file model-v4.tsv (TSV, C-alpha atoms)
chain	number	residue	atom	x	y	z
A	1374	MET	CA	-223.03	142.86	1.28
A	1375	THR	CA	-222.37	141.19	4.58
A	1376	ALA	CA	-220.40	144.07	5.97
A	1377	ARG	CA	-220.93	146.51	8.67
A	1378	LYS	CA	-219.72	149.71	7.03
A	1379	ILE	CA	-218.64	152.83	8.77
A	1380	ALA	CA	-219.94	155.89	6.91
A	1381	GLY	CA	-218.12	155.90	3.62
A	1382	GLU	CA	-215.30	153.64	4.78
A	1383	PRO	CA	-214.88	150.39	2.91
A	1384	HIS	CA	-214.93	147.31	5.10
A	1385	ARG	CA	-212.07	145.43	3.51
A	1386	PRO	CA	-212.75	141.96	4.94
A	1387	SER	CA	-216.29	141.96	3.60
A	1388	ASP	CA	-215.06	143.30	0.27
A	1389	LEU	CA	-212.57	140.44	0.22
A	1390	LEU	CA	-215.35	137.96	0.94
A	1391	ASP	CA	-217.50	139.47	-1.80
A	1392	ALA	CA	-214.59	139.11	-4.22
A	1393	LEU	CA	-214.33	135.40	-3.40
A	1394	ARG	CA	-218.05	135.01	-4.04
A	1395	GLY	CA	-217.71	136.89	-7.32
A	1396	LEU	CA	-214.90	134.60	-8.39
A	1397	GLY	CA	-217.11	131.59	-7.78
A	1398	VAL	CA	-214.94	130.22	-4.99
A	1399	GLN	CA	-216.79	127.24	-3.57
A	1400	MET	CA	-214.39	126.02	-0.93
A	1401	ALA	CA	-211.98	127.53	1.57
A	1402	VAL	CA	-209.34	125.34	3.17
A	1403	SER	CA	-207.81	126.85	6.26
A	1404	VAL	CA	-205.58	126.49	9.26
A	1405	PRO	CA	-206.40	128.75	12.21
A	1406	ASP	CA	-205.05	132.28	12.65
A	1407	SER	CA	-206.56	134.92	14.93
A	1408	TRP	CA	-206.88	137.52	12.15
A	1409	LEU	CA	-208.71	135.00	9.97
A	1410	GLY	CA	-211.04	133.72	12.65
A	1411	GLU	CA	-214.18	135.70	11.90
A	1412	ILE	CA	-213.96	135.64	8.13
A	1413	LEU	CA	-213.67	131.86	8.27
A	1414	ILE	CA	-216.84	131.73	10.34
A	1415	ARG	CA	-218.58	133.86	7.69
A	1416	ILE	CA	-217.38	131.50	4.98
A	1417	ASP	CA	-218.58	128.51	6.99
A	1418	GLN	CA	-222.01	130.11	7.23
A	1419	ASP	CA	-222.18	130.92	3.52
A	1420	PRO	CA	-224.40	128.41	1.69
A	1421	ALA	CA	-222.39	128.90	-1.52
A	1422	MET	CA	-219.10	127.95	0.11
A	1423	SER	CA	-217.76	125.17	2.28
A	1424	LEU	CA	-214.97	125.43	4.80
A	1425	ILE	CA	-212.50	122.65	5.54
A	1426	ARG	CA	-210.45	123.17	8.65
A	1427	ALA	CA	-207.21	121.23	8.14
A	1428	THR	CA	-204.69	120.23	10.78
A	1429	HIS	CA	-201.60	121.48	8.94
A	1430	GLU	CA	-200.95	123.90	6.09
A	1431	GLU	CA	-199.30	121.32	3.83
A	1432	GLU	CA	-202.33	119.08	4.32
A	1433	ALA	CA	-204.57	122.06	3.53
A	1434	LEU	CA	-202.62	122.74	0.35
A	1435	ALA	CA	-203.11	119.16	-0.84
A	1436	ILE	CA	-206.83	119.27	-0.04
A	1437	ALA	CA	-207.10	122.43	-2.13
A	1438	CYS	CA	-205.20	120.77	-4.98
A	1439	GLY	CA	-207.61	117.83	-4.86
A	1440	ALA	CA	-210.62	120.11	-4.86
A	1441	ARG	CA	-209.26	121.96	-7.88
A	1442	LEU	CA	-208.49	118.66	-9.62
A	1443	GLY	CA	-212.11	117.73	-9.06
A	1444	GLY	CA	-213.36	120.93	-10.66
A	1445	LEU	CA	-213.97	123.26	-7.73
A	1446	ARG	CA	-212.38	126.66	-7.27
A	1447	PRO	CA	-210.85	126.67	-3.78
A	1448	VAL	CA	-209.01	129.29	-1.79
A	1449	LEU	CA	-206.34	128.50	0.77
A	1450	MET	CA	-206.50	130.79	3.81
A	1451	ILE	CA	-203.59	130.55	6.23
A	1452	GLN	CA	-201.18	132.57	8.30
A	1453	ASN	CA	-197.81	133.40	6.74
A	1454	VAL	CA	-196.14	130.87	9.02
A	1455	GLY	CA	-197.97	128.28	6.94
A	1456	LEU	CA	-196.03	129.43	3.91
A	1457	LEU	CA	-192.93	128.23	5.77
A	1458	THR	CA	-194.32	124.83	6.73
A	1459	ILE	CA	-195.85	124.19	3.36
A	1460	GLY	CA	-192.66	124.05	1.30
A	1461	ALA	CA	-192.38	120.41	0.25
A	1462	GLY	CA	-195.97	120.16	-0.87
A	1463	MET	CA	-195.76	123.50	-2.59
A	1464	VAL	CA	-192.88	122.56	-4.84
A	1465	SER	CA	-193.53	118.84	-5.28
A	1466	LEU	CA	-197.31	118.92	-5.62
A	1467	ALA	CA	-198.89	122.34	-6.24
A	1468	MET	CA	-196.13	123.77	-8.43
A	1469	ARG	CA	-195.02	120.49	-10.03
A	1470	PHE	CA	-198.59	119.72	-11.13
A	1471	GLN	CA	-199.28	123.39	-11.85
A	1472	PHE	CA	-202.38	123.87	-9.72
A	1473	PRO	CA	-203.61	127.48	-10.06
A	1474	LEU	CA	-204.40	128.08	-6.41
A	1475	LEU	CA	-205.32	131.36	-4.79
A	1476	ILE	CA	-203.57	131.60	-1.44
A	1477	LEU	CA	-204.58	134.36	0.96
A	1478	ALA	CA	-202.13	134.65	3.83
A	1479	SER	CA	-202.36	136.92	6.84
A	1480	TYR	CA	-199.01	138.69	7.08
A	1481	ARG	CA	-198.13	138.47	10.75
A	1482	GLY	CA	-195.07	140.02	12.34
A	1483	THR	CA	-194.88	143.16	10.21
A	1484	LYS	CA	-194.56	146.65	11.68
A	1485	GLU	CA	-198.31	146.78	12.25
A	1486	ASP	CA	-198.13	143.48	14.12
A	1487	ALA	CA	-194.95	143.77	16.11
A	1488	ILE	CA	-195.54	140.78	18.36
A	1489	PHE	CA	-192.23	139.25	19.31
A	1490	TYR	CA	-193.06	135.71	18.28
A	1491	HIS	CA	-194.51	136.72	14.92
A	1492	ILE	CA	-191.61	138.95	13.88
A	1493	PRO	CA	-189.25	136.11	12.88
A	1494	LYS	CA	-191.88	134.79	10.48
A	1495	ALA	CA	-192.31	138.16	8.78
A	1496	ARG	CA	-188.54	138.48	8.42
A	1497	VAL	CA	-188.31	135.37	6.26
A	1498	THR	CA	-191.71	135.16	4.56
A	1499	GLU	CA	-190.91	137.01	1.34
A	1500	PRO	CA	-187.38	135.57	0.95
A	1501	VAL	CA	-188.87	132.09	1.33
A	1502	LEU	CA	-191.52	132.80	-1.29
A	1503	ARG	CA	-188.80	134.03	-3.64
A	1504	GLY	CA	-186.85	130.88	-2.84
A	1505	TYR	CA	-189.78	128.72	-3.87
A	1506	GLY	CA	-190.10	130.74	-7.05
A	1507	LEU	CA	-193.67	131.40	-6.00
A	1508	SER	CA	-195.48	134.45	-7.38
A	1509	HIS	CA	-196.79	136.74	-4.67
A	1510	ALA	CA	-197.78	140.30	-3.80
A	1511	LEU	CA	-198.44	142.45	-0.76
A	1512	ALA	CA	-201.93	143.82	-0.64
A	1513	ASP	CA	-201.82	147.56	-1.28
A	1514	PRO	CA	-203.67	149.40	1.53
A	1515	LYS	CA	-204.48	152.28	-0.82
A	1516	ARG	CA	-206.37	150.13	-3.32
A	1517	PRO	CA	-209.64	148.25	-2.86
A	1518	ILE	CA	-208.90	144.75	-1.61
A	1519	GLY	CA	-211.55	143.07	-3.75
A	1520	GLU	CA	-209.88	143.91	-7.04
A	1521	GLN	CA	-206.52	142.75	-5.68
A	1522	VAL	CA	-208.01	139.38	-4.78
A	1523	VAL	CA	-209.46	139.07	-8.27
A	1524	GLN	CA	-206.12	139.99	-9.80
A	1525	ALA	CA	-204.32	137.43	-7.62
A	1526	ALA	CA	-206.76	134.69	-8.62
A	1527	THR	CA	-206.48	135.66	-12.28
A	1528	TYR	CA	-202.69	135.60	-12.11
A	1529	ALA	CA	-202.81	132.13	-10.60
A	1530	GLU	CA	-205.03	130.90	-13.40
A	1531	GLU	CA	-203.12	132.58	-16.22
A	1532	SER	CA	-199.77	131.37	-14.91
A	1533	SER	CA	-201.06	127.89	-13.99
A	1534	ASN	CA	-199.42	128.14	-10.61
A	1535	PRO	CA	-200.27	129.14	-7.06
A	1536	PHE	CA	-200.28	132.84	-6.19
A	1537	VAL	CA	-199.93	134.25	-2.68
A	1538	LEU	CA	-201.53	137.53	-1.64
A	1539	LEU	CA	-200.15	138.75	1.68
A	1540	LEU	CA	-202.82	140.51	3.70
A	1541	SER	CA	-202.72	143.11	6.42
A	1542	LYS	CA	-204.90	143.09	9.52
A	1543	ALA	CA	-207.26	145.64	7.95
A	1544	ASP	CA	-207.72	143.41	4.90
A	1545	VAL	CA	-208.84	140.37	6.74
A	1546	GLN	CA	-209.74	140.83	10.38
A	1547	TRP	CA	-213.49	141.38	10.60
B	1026	MET	CA	-201.69	94.87	11.41
B	1027	VAL	CA	-198.30	93.63	10.24
B	1028	ASN	CA	-197.96	89.87	10.43
B	1029	ALA	CA	-196.28	86.93	8.72
B	1030	ASN	CA	-197.28	85.55	5.29
B	1031	ARG	CA	-198.45	88.87	4.02
B	1032	PRO	CA	-199.72	89.30	0.47
B	1033	VAL	CA	-197.66	91.41	-1.89
B	1034	ARG	CA	-198.98	94.69	-3.26
B	1035	ALA	CA	-199.80	93.10	-6.63
B	1036	ASP	CA	-202.16	90.61	-4.95
B	1037	TYR	CA	-204.30	93.48	-3.72
B	1038	TYR	CA	-203.97	95.48	-6.91
B	1039	HIS	CA	-205.25	92.68	-9.12
B	1040	VAL	CA	-208.34	92.41	-6.93
B	1041	LEU	CA	-208.79	96.18	-6.96
B	1042	ALA	CA	-208.59	96.23	-10.77
B	1043	GLU	CA	-211.39	93.66	-10.95
B	1044	CYS	CA	-213.63	95.47	-8.45
B	1045	LEU	CA	-213.43	99.02	-9.76
B	1046	THR	CA	-216.13	100.55	-11.85
B	1047	GLU	CA	-215.14	102.76	-14.76
B	1048	GLU	CA	-216.35	105.83	-12.86
B	1049	THR	CA	-214.22	105.26	-9.77
B	1050	LEU	CA	-211.40	107.76	-9.30
B	1051	VAL	CA	-208.10	106.35	-8.04
B	1052	VAL	CA	-205.30	108.34	-6.40
B	1053	THR	CA	-202.03	106.56	-5.73
B	1054	ALA	CA	-199.16	107.69	-3.52
B	1055	LEU	CA	-195.54	107.84	-4.59
B	1056	GLY	CA	-193.32	104.86	-5.41
B	1057	ASN	CA	-194.74	101.48	-6.30
B	1058	ALA	CA	-198.18	102.58	-5.16
B	1059	SER	CA	-198.25	104.51	-8.43
B	1060	TYR	CA	-195.71	102.60	-10.55
B	1061	LEU	CA	-197.31	99.19	-10.05
B	1062	TRP	CA	-200.85	100.50	-10.41
B	1063	ALA	CA	-199.89	102.18	-13.69
B	1064	LYS	CA	-198.50	98.85	-14.88
B	1065	ILE	CA	-201.53	96.80	-13.81
B	1066	GLN	CA	-204.38	99.18	-14.55
B	1067	ASP	CA	-203.44	102.42	-16.23
B	1068	ARG	CA	-206.59	104.43	-16.88
B	1069	PRO	CA	-207.46	108.10	-17.36
B	1070	LYS	CA	-209.20	108.29	-14.00
B	1071	ASN	CA	-205.97	107.50	-12.15
B	1072	PHE	CA	-204.02	110.31	-10.50
B	1073	TYR	CA	-200.43	109.29	-9.87
B	1074	PHE	CA	-198.08	110.81	-7.32
B	1075	GLU	CA	-194.33	110.40	-7.82
B	1076	ASP	CA	-193.33	112.55	-4.85
B	1077	ALA	CA	-195.11	114.71	-2.26
B	1078	MET	CA	-195.02	111.94	0.32
B	1079	GLY	CA	-197.97	111.96	2.67
B	1080	LEU	CA	-200.17	114.15	0.50
B	1081	ALA	CA	-202.08	111.57	-1.53
B	1082	LEU	CA	-204.78	111.22	1.12
B	1083	PRO	CA	-205.44	114.94	1.62
B	1084	LEU	CA	-205.57	115.42	-2.15
B	1085	ALA	CA	-208.05	112.55	-2.38
B	1086	LEU	CA	-210.12	114.16	0.36
B	1087	GLY	CA	-210.42	117.39	-1.62
B	1088	LEU	CA	-211.20	115.40	-4.74
B	1089	ALA	CA	-213.91	113.40	-2.97
B	1090	VAL	CA	-215.59	116.59	-1.78
B	1091	ALA	CA	-215.42	118.07	-5.28
B	1092	GLN	CA	-216.76	114.91	-6.92
B	1093	PRO	CA	-219.45	113.65	-4.53
B	1094	LYS	CA	-221.17	111.49	-7.15
B	1095	ARG	CA	-218.07	109.43	-7.86
B	1096	LYS	CA	-216.28	106.94	-5.63
B	1097	VAL	CA	-212.72	107.94	-4.79
B	1098	VAL	CA	-210.15	105.31	-3.80
B	1099	VAL	CA	-206.75	106.40	-2.53
B	1100	VAL	CA	-203.76	104.12	-1.99
B	1101	GLU	CA	-201.44	105.45	0.69
B	1102	GLY	CA	-198.59	103.81	2.60
B	1103	ASP	CA	-198.18	103.58	6.34
B	1104	GLY	CA	-195.04	105.73	6.19
B	1105	GLY	CA	-196.80	108.35	4.11
B	1106	LEU	CA	-199.77	108.44	6.45
B	1107	LEU	CA	-197.50	108.88	9.45
B	1108	MET	CA	-196.11	112.05	7.84
B	1109	HIS	CA	-199.58	113.60	7.97
B	1110	LEU	CA	-201.54	111.53	10.45
B	1111	GLY	CA	-203.63	114.60	11.23
B	1112	VAL	CA	-205.38	114.24	7.90
B	1113	LEU	CA	-207.35	111.34	9.35
B	1114	VAL	CA	-208.89	113.83	11.75
B	1115	THR	CA	-209.88	116.00	8.81
B	1116	VAL	CA	-211.27	113.03	6.90
B	1117	GLY	CA	-213.31	112.06	9.94
B	1118	ALA	CA	-214.61	115.61	10.35
B	1119	VAL	CA	-215.47	116.18	6.69
B	1120	ALA	CA	-216.73	112.59	6.38
B	1121	PRO	CA	-217.01	112.23	2.60
B	1122	LYS	CA	-219.24	109.25	1.99
B	1123	ASN	CA	-217.51	108.44	-1.29
B	1124	LEU	CA	-213.93	108.05	0.00
B	1125	THR	CA	-212.16	104.73	0.54
B	1126	VAL	CA	-208.60	104.68	1.85
B	1127	LEU	CA	-206.46	101.64	1.07
B	1128	LEU	CA	-203.55	101.77	3.48
B	1129	ILE	CA	-200.59	99.61	2.51
B	1130	GLN	CA	-199.12	98.59	5.85
B	1131	ASN	CA	-195.73	97.07	5.12
B	1132	GLY	CA	-193.92	98.43	8.17
B	1133	VAL	CA	-191.18	100.17	6.21
B	1134	HIS	CA	-190.52	103.18	4.01
B	1135	ALA	CA	-190.49	101.01	0.89
B	1136	ALA	CA	-190.01	103.84	-1.59
B	1137	SER	CA	-186.86	105.00	0.18
B	1138	GLY	CA	-185.21	101.61	0.37
B	1139	GLY	CA	-186.97	99.84	3.18
B	1140	GLN	CA	-185.92	102.00	6.09
B	1141	ALA	CA	-187.75	101.20	9.30
B	1142	LEU	CA	-190.86	103.10	10.28
B	1143	THR	CA	-190.90	104.90	13.59
B	1144	ASN	CA	-193.50	102.36	14.65
B	1145	ALA	CA	-194.30	99.42	12.37
B	1146	ASN	CA	-196.99	97.89	14.53
B	1147	LEU	CA	-199.65	100.53	14.87
B	1148	ASP	CA	-203.29	99.52	14.67
B	1149	PHE	CA	-204.33	101.99	11.99
B	1150	ALA	CA	-207.84	100.58	11.86
B	1151	GLU	CA	-208.29	101.51	15.50
B	1152	ILE	CA	-206.69	104.91	14.91
B	1153	GLY	CA	-209.05	105.52	12.00
B	1154	ARG	CA	-212.07	104.60	14.11
B	1155	THR	CA	-210.94	106.96	16.84
B	1156	MET	CA	-210.61	109.75	14.30
B	1157	GLY	CA	-214.16	109.32	13.11
B	1158	LEU	CA	-213.99	107.22	9.96
B	1159	ALA	CA	-217.22	105.37	9.37
B	1160	HIS	CA	-215.64	101.99	8.68
B	1161	THR	CA	-212.14	100.65	9.19
B	1162	GLU	CA	-210.85	97.13	8.88
B	1163	ASN	CA	-207.58	95.21	9.05
B	1164	ILE	CA	-207.08	92.96	6.03
B	1165	ALA	CA	-204.45	90.24	5.66
B	1166	SER	CA	-205.40	88.34	2.51
B	1167	ALA	CA	-206.48	89.04	-1.03
B	1168	VAL	CA	-209.63	86.99	-0.43
B	1169	SER	CA	-210.63	89.18	2.51
B	1170	PHE	CA	-209.77	92.26	0.51
B	1171	ARG	CA	-212.10	91.25	-2.32
B	1172	LYS	CA	-215.06	91.18	0.05
B	1173	ALA	CA	-214.01	94.31	1.90
B	1174	ILE	CA	-213.41	96.52	-1.13
B	1175	ALA	CA	-216.67	95.40	-2.75
B	1176	ALA	CA	-218.54	96.30	0.42
B	1177	SER	CA	-216.65	99.55	0.85
B	1178	LEU	CA	-217.54	100.71	-2.64
B	1179	LYS	CA	-221.22	100.17	-1.83
B	1180	ARG	CA	-221.58	101.49	1.69
B	1181	PRO	CA	-221.27	105.13	2.80
B	1182	GLY	CA	-217.77	106.02	3.93
B	1183	PRO	CA	-215.29	107.25	4.67
B	1184	SER	CA	-213.71	103.82	4.93
B	1185	MET	CA	-210.16	102.69	5.49
B	1186	LEU	CA	-208.96	99.18	4.70
B	1187	VAL	CA	-205.58	98.51	6.25
B	1188	LEU	CA	-203.76	96.02	4.04
B	1189	ALA	CA	-200.98	93.98	5.64
B	1190	THR	CA	-198.45	93.84	2.84
B	1191	GLU	CA	-195.00	92.38	2.18
B	1192	PRO	CA	-192.57	95.24	1.46
B	1193	ASP	CA	-191.64	95.75	-2.20
B	1194	LEU	CA	-188.34	97.54	-2.21
B	1195	LYS	CA	-187.48	97.35	-5.90
B	1196	ALA	CA	-189.09	100.08	-7.96
B	1197	VAL	CA	-191.42	98.77	-10.63
B	1198	MET	CA	-190.88	100.46	-13.95
B	1199	PRO	CA	-194.18	101.98	-15.09
B	1200	PRO	CA	-195.23	101.41	-18.71
B	1201	MET	CA	-194.83	105.12	-19.48
B	1202	PRO	CA	-193.33	108.16	-17.76
B	1203	LEU	CA	-195.76	109.48	-15.18
B	1204	ASP	CA	-195.49	113.03	-16.41
B	1205	PRO	CA	-197.39	115.21	-13.93
B	1206	MET	CA	-199.01	117.46	-16.50
B	1207	ARG	CA	-200.11	114.49	-18.58
B	1208	THR	CA	-201.53	112.86	-15.47
B	1209	LYS	CA	-203.46	115.96	-14.48
B	1210	GLN	CA	-204.66	116.88	-17.95
B	1211	ARG	CA	-205.83	113.37	-18.76
B	1212	PHE	CA	-207.60	113.05	-15.42
B	1213	SER	CA	-209.33	116.43	-15.77
B	1214	GLU	CA	-210.59	115.57	-19.22
B	1215	ALA	CA	-211.77	112.14	-18.10
B	1216	ILE	CA	-213.99	113.59	-15.40
B	1217	GLY	CA	-215.13	116.57	-17.48
B	1218	ALA	CA	-213.69	119.07	-15.02
B	1219	PRO	CA	-214.16	122.76	-15.81
B	1220	ARG	CA	-211.20	124.36	-17.53
B	1221	TYR	CA	-209.99	127.92	-17.28
B	1222	VAL	CA	-210.47	130.08	-20.36
B	1223	SER	CA	-207.84	132.81	-20.52
B	1224	THR	CA	-208.72	136.47	-20.38
B	1225	PHE	CA	-206.89	136.70	-23.73
B	1226	PHE	CA	-209.82	134.83	-25.23
B	1227	GLY	CA	-212.39	136.83	-23.35
B	1228	GLY	CA	-212.79	134.29	-20.59
B	1229	GLY	CA	-211.17	134.77	-17.25
B	1230	LYS	CA	-213.36	132.09	-15.76
B	1231	LEU	CA	-213.83	128.35	-15.41
B	1232	VAL	CA	-215.96	126.81	-18.11
B	1233	THR	CA	-217.43	123.32	-18.08
B	1234	PRO	CA	-216.67	121.50	-21.33
call {"tool": "encode", "arguments": {"input": "model-v4.tsv", "output": "structure tokens"}}
result
Amino acid sequence: MTARKIAGEPHRPSDLLDALRGLGVQMAVSVPDSWLGEILIRIDQDPAMSLIRATHEEEALAIACGARLGGLRPVLMIQNVGLLTIGAGMVSLAMRFQFPLLILASYRGTKEDAIFYHIPKARVTEPVLRGYGLSHALADPKRPIGEQVVQAATYAEESSNPFVLLLSKADVQW
Amino acid sequence: MVNANRPVRADYYHVLAECLTEETLVVTALGNASYLWAKIQDRPKNFYFEDAMGLALPLALGLAVAQPKRKVVVVEGDGGLLMHLGVLVTVGAVAPKNLTVLLIQNGVHAASGGQALTNANLDFAEIGRTMGLAHTENIASAVSFRKAIAASLKRPGPSMLVLATEPDLKAVMPPMPLDPMRTKQRFSEAIGAPRYVSTFFGGGKLVTP
């Protein structure tokens, strides 16, 4: 375990990272978000994984599709705003070619993150995902995060399509 | 750079077909980048786009990282690259030695009827150098391209050859429908990529054939 653990309390970000390792994820493709900052550094330092820092979420999505095409198991780690900018590539590349991608998105602008400029993104995130016809779930704070990541990845594989798991601050911020 | 007396796309493609090894992976962008290549040199190790403009190069980047022992050649257009110019920064940062970018510079959005680019006279070779690509070069003839692609497939990349090209506005009919699932499945099998075995069959993991 890489986590600092507080007596008996699970450290959800490190459990999430352990789940990615357990799944055999070899590459993370990301676009910056403050909640994701530290976990991306941990991934970058992990000899079993590589981190590609892309300049745009749609670019990151295509990089992940290429990595999967080449036989790797990637994860896409972005902020939920990226789910809004990613639309064309999502429907015309990832979904059209049925790439089973695990997408972990920090869910900014919810009640726990009531920052004025994030709130508009939260308001539309789930309706937009439904509009894409993209399978997704909110991470349940009462259940271990690791098993939810595994379930999300498994759903992506079994459905041959991307799957988005929306993460809270406690799930992902180190 | 765009200039007069430019070769047509087929001039470059015939040279490319002669220079490729069987192991080289080829990704082609939407429109005639894919349609003409399918007509000239259809092969299992081709990955054809029919849409998703601007995403052929980032997909090729991910593929090159995943397949470091194989050369990856991607054909992108100048209009497509302008949609995601930032990817050149990522290519420069990741620096996959096995990636060669062939940039068709025809100065127009050919696949959408020849509409003008925002800027048809950019020096993409210079832009690529600035963004950290190991080798970039402007090419204006099939003869020059033959030497450049042969060298590019031997030297460490990433490389970008900018091919001054006459616009081809009429869609070339490919010899078969470029069905996305067929494209992906055939490509995956050709490179021996791991496939997912369903939990129904006791798998739930990727297995190398």
call {"tool": "residues_around", "arguments": {"input": "model-v4.tsv", "residues": "B:Thr1233", "least_positions_apart": "6", "cutoff": "7 Å", "atoms": "all atoms listed in the file", "output": "short mmCIF file (atom, residue, chain, number, x, y, z; two decimals) with C-alpha atoms, keeping the file's coordinate frame"}}
result
data_model
loop_
_atom_site.label_atom_id
_atom_site.label_comp_id
_atom_site.auth_asym_id
_atom_site.auth_seq_id
_atom_site.Cartn_x
_atom_site.Cartn_y
_atom_site.Cartn_z
CA ALA B 1218 -213.69 119.07 -15.02
CA PRO B 1219 -214.16 122.76 -15.81
CA ARG B 1220 -211.20 124.36 -17.53
#
call {"tool": "interface_residues", "arguments": {"input": "model-v4.tsv", "of": "chain A", "to": "chain B", "cutoff": "10 Å", "atoms": "all atoms listed in the file", "output": "MDAnalysis selection string"}}
result
chainID A and resid 1396:1397 1399:1400 1402 1423:1429 1431:1447 1461:1467 1469:1473 1526:1528 1530:1533
call {"tool": "atom_distance", "arguments": {"input": "model-v4.tsv", "atom1": "atom CA of B:Ser1184", "atom2": "atom CA of B:Leu1128"}}
result
10.5 Å
call {"tool": "residues_around", "arguments": {"input": "model-v4.tsv", "residues": "stretch 1509-1524 of chain A", "least_positions_apart": "2", "cutoff": "12 Å", "atoms": "all atoms listed in the file", "output": "PDB file with C-alpha atoms, in the frame of the given file"}}
result
ATOM      1  CA  GLU A1382    -215.300 153.640   4.780  1.00  0.00           C
ATOM      2  CA  PRO A1383    -214.880 150.390   2.910  1.00  0.00           C
ATOM      3  CA  HIS A1384    -214.930 147.310   5.100  1.00  0.00           C
ATOM      4  CA  ARG A1385    -212.070 145.430   3.510  1.00  0.00           C
ATOM      5  CA  PRO A1386    -212.750 141.960   4.940  1.00  0.00           C
ATOM      6  CA  SER A1387    -216.290 141.960   3.600  1.00  0.00           C
ATOM      7  CA  ASP A1388    -215.060 143.300   0.270  1.00  0.00           C
ATOM      8  CA  LEU A1389    -212.570 140.440   0.220  1.00  0.00           C
ATOM      9  CA  LEU A1390    -215.350 137.960   0.940  1.00  0.00           C
ATOM     10  CA  ASP A1391    -217.500 139.470  -1.800  1.00  0.00           C
ATOM     11  CA  ALA A1392    -214.590 139.110  -4.220  1.00  0.00           C
ATOM     12  CA  LEU A1393    -214.330 135.400  -3.400  1.00  0.00           C
ATOM     13  CA  ARG A1394    -218.050 135.010  -4.040  1.00  0.00           C
ATOM     14  CA  GLY A1395    -217.710 136.890  -7.320  1.00  0.00           C
ATOM     15  CA  LEU A1396    -214.900 134.600  -8.390  1.00  0.00           C
ATOM     16  CA  GLY A1397    -217.110 131.590  -7.780  1.00  0.00           C
ATOM     17  CA  VAL A1398    -214.940 130.220  -4.990  1.00  0.00           C
ATOM     18  CA  VAL A1448    -209.010 129.290  -1.790  1.00  0.00           C
ATOM     19  CA  ASN A1453    -197.810 133.400   6.740  1.00  0.00           C
ATOM     20  CA  LEU A1456    -196.030 129.430   3.910  1.00  0.00           C
ATOM     21  CA  LEU A1474    -204.400 128.080  -6.410  1.00  0.00           C
ATOM     22  CA  LEU A1475    -205.320 131.360  -4.790  1.00  0.00           C
ATOM     23  CA  ILE A1476    -203.570 131.600  -1.440  1.00  0.00           C
ATOM     24  CA  LEU A1477    -204.580 134.360   0.960  1.00  0.00           C
ATOM     25  CA  ALA A1478    -202.130 134.650   3.830  1.00  0.00           C
ATOM     26  CA  SER A1479    -202.360 136.920   6.840  1.00  0.00           C
ATOM     27  CA  TYR A1480    -199.010 138.690   7.080  1.00  0.00           C
ATOM     28  CA  THR A1483    -194.880 143.160  10.210  1.00  0.00           C
ATOM     29  CA  THR A1498    -191.710 135.160   4.560  1.00  0.00           C
ATOM     30  CA  GLU A1499    -190.910 137.010   1.340  1.00  0.00           C
ATOM     31  CA  PRO A1500    -187.380 135.570   0.950  1.00  0.00           C
ATOM     32  CA  VAL A1501    -188.870 132.090   1.330  1.00  0.00           C
ATOM     33  CA  LEU A1502    -191.520 132.800  -1.290  1.00  0.00           C
ATOM     34  CA  ARG A1503    -188.800 134.030  -3.640  1.00  0.00           C
ATOM     35  CA  GLY A1504    -186.850 130.880  -2.840  1.00  0.00           C
ATOM     36  CA  TYR A1505    -189.780 128.720  -3.870  1.00  0.00           C
ATOM     37  CA  GLY A1506    -190.100 130.740  -7.050  1.00  0.00           C
ATOM     38  CA  LEU A1507    -193.670 131.400  -6.000  1.00  0.00           C
ATOM     39  CA  ALA A1526    -206.760 134.690  -8.620  1.00  0.00           C
ATOM     40  CA  THR A1527    -206.480 135.660 -12.280  1.00  0.00           C
ATOM     41  CA  TYR A1528    -202.690 135.600 -12.110  1.00  0.00           C
ATOM     42  CA  ALA A1529    -202.810 132.130 -10.600  1.00  0.00           C
ATOM     43  CA  GLU A1530    -205.030 130.900 -13.400  1.00  0.00           C
ATOM     44  CA  GLU A1531    -203.120 132.580 -16.220  1.00  0.00           C
ATOM     45  CA  SER A1532    -199.770 131.370 -14.910  1.00  0.00           C
ATOM     46  CA  ASN A1534    -199.420 128.140 -10.610  1.00  0.00           C
ATOM     47  CA  PRO A1535    -200.270 129.140  -7.060  1.00  0.00           C
ATOM     48  CA  PHE A1536    -200.280 132.840  -6.190  1.00  0.00           C
ATOM     49  CA  VAL A1537    -199.930 134.250  -2.680  1.00  0.00           C
ATOM     50  CA  LEU A1538    -201.530 137.530  -1.640  1.00  0.00           C
ATOM     51  CA  LEU A1539    -200.150 138.750   1.680  1.00  0.00           C
ATOM     52  CA  LEU A1540    -202.820 140.510   3.700  1.00  0.00           C
ATOM     53  CA  SER A1541    -202.720 143.110   6.420  1.00  0.00           C
ATOM     54  CA  LYS A1542    -204.900 143.090   9.520  1.00  0.00           C
ATOM     55  CA  ALA A1543    -207.260 145.640   7.950  1.00  0.00           C
ATOM     56  CA  ASP A1544    -207.720 143.410   4.900  1.00  0.00           C
ATOM     57  CA  VAL A1545    -208.840 140.370   6.740  1.00  0.00           C
TER      58      VAL A1545
ATOM     59  CA  THR B1224    -208.720 136.470 -20.380  1.00  0.00           C
ATOM     60  CA  GLY B1229    -211.170 134.770 -17.250  1.00  0.00           C
ATOM     61  CA  LYS B1230    -213.360 132.090 -15.760  1.00  0.00           C
TER      62      LYS B1230
END
call {"tool": "residues_around", "arguments": {"input": "model-v4.tsv", "residues": "B:Val1051", "least_positions_apart": "4", "cutoff": "8 Å", "atoms": "all atoms listed in the file", "output": "list in words"}}
result
Lys1070, Asn1071, Phe1072, Val1097, Val1098, Val1099 and Val1100 of chain B
call {"tool": "write_last_selection", "arguments": {"input": "model-v4.tsv", "atoms": "C-alpha atoms", "output": "CSV table (one decimal), keeping the file's coordinate frame"}}
result
chain,number,residue,atom,x,y,z
B,1070,LYS,CA,-209.2,108.3,-14.0
B,1071,ASN,CA,-206.0,107.5,-12.2
B,1072,PHE,CA,-204.0,110.3,-10.5
B,1097,VAL,CA,-212.7,107.9,-4.8
B,1098,VAL,CA,-210.2,105.3,-3.8
B,1099,VAL,CA,-206.8,106.4,-2.5
B,1100,VAL,CA,-203.8,104.1,-2.0
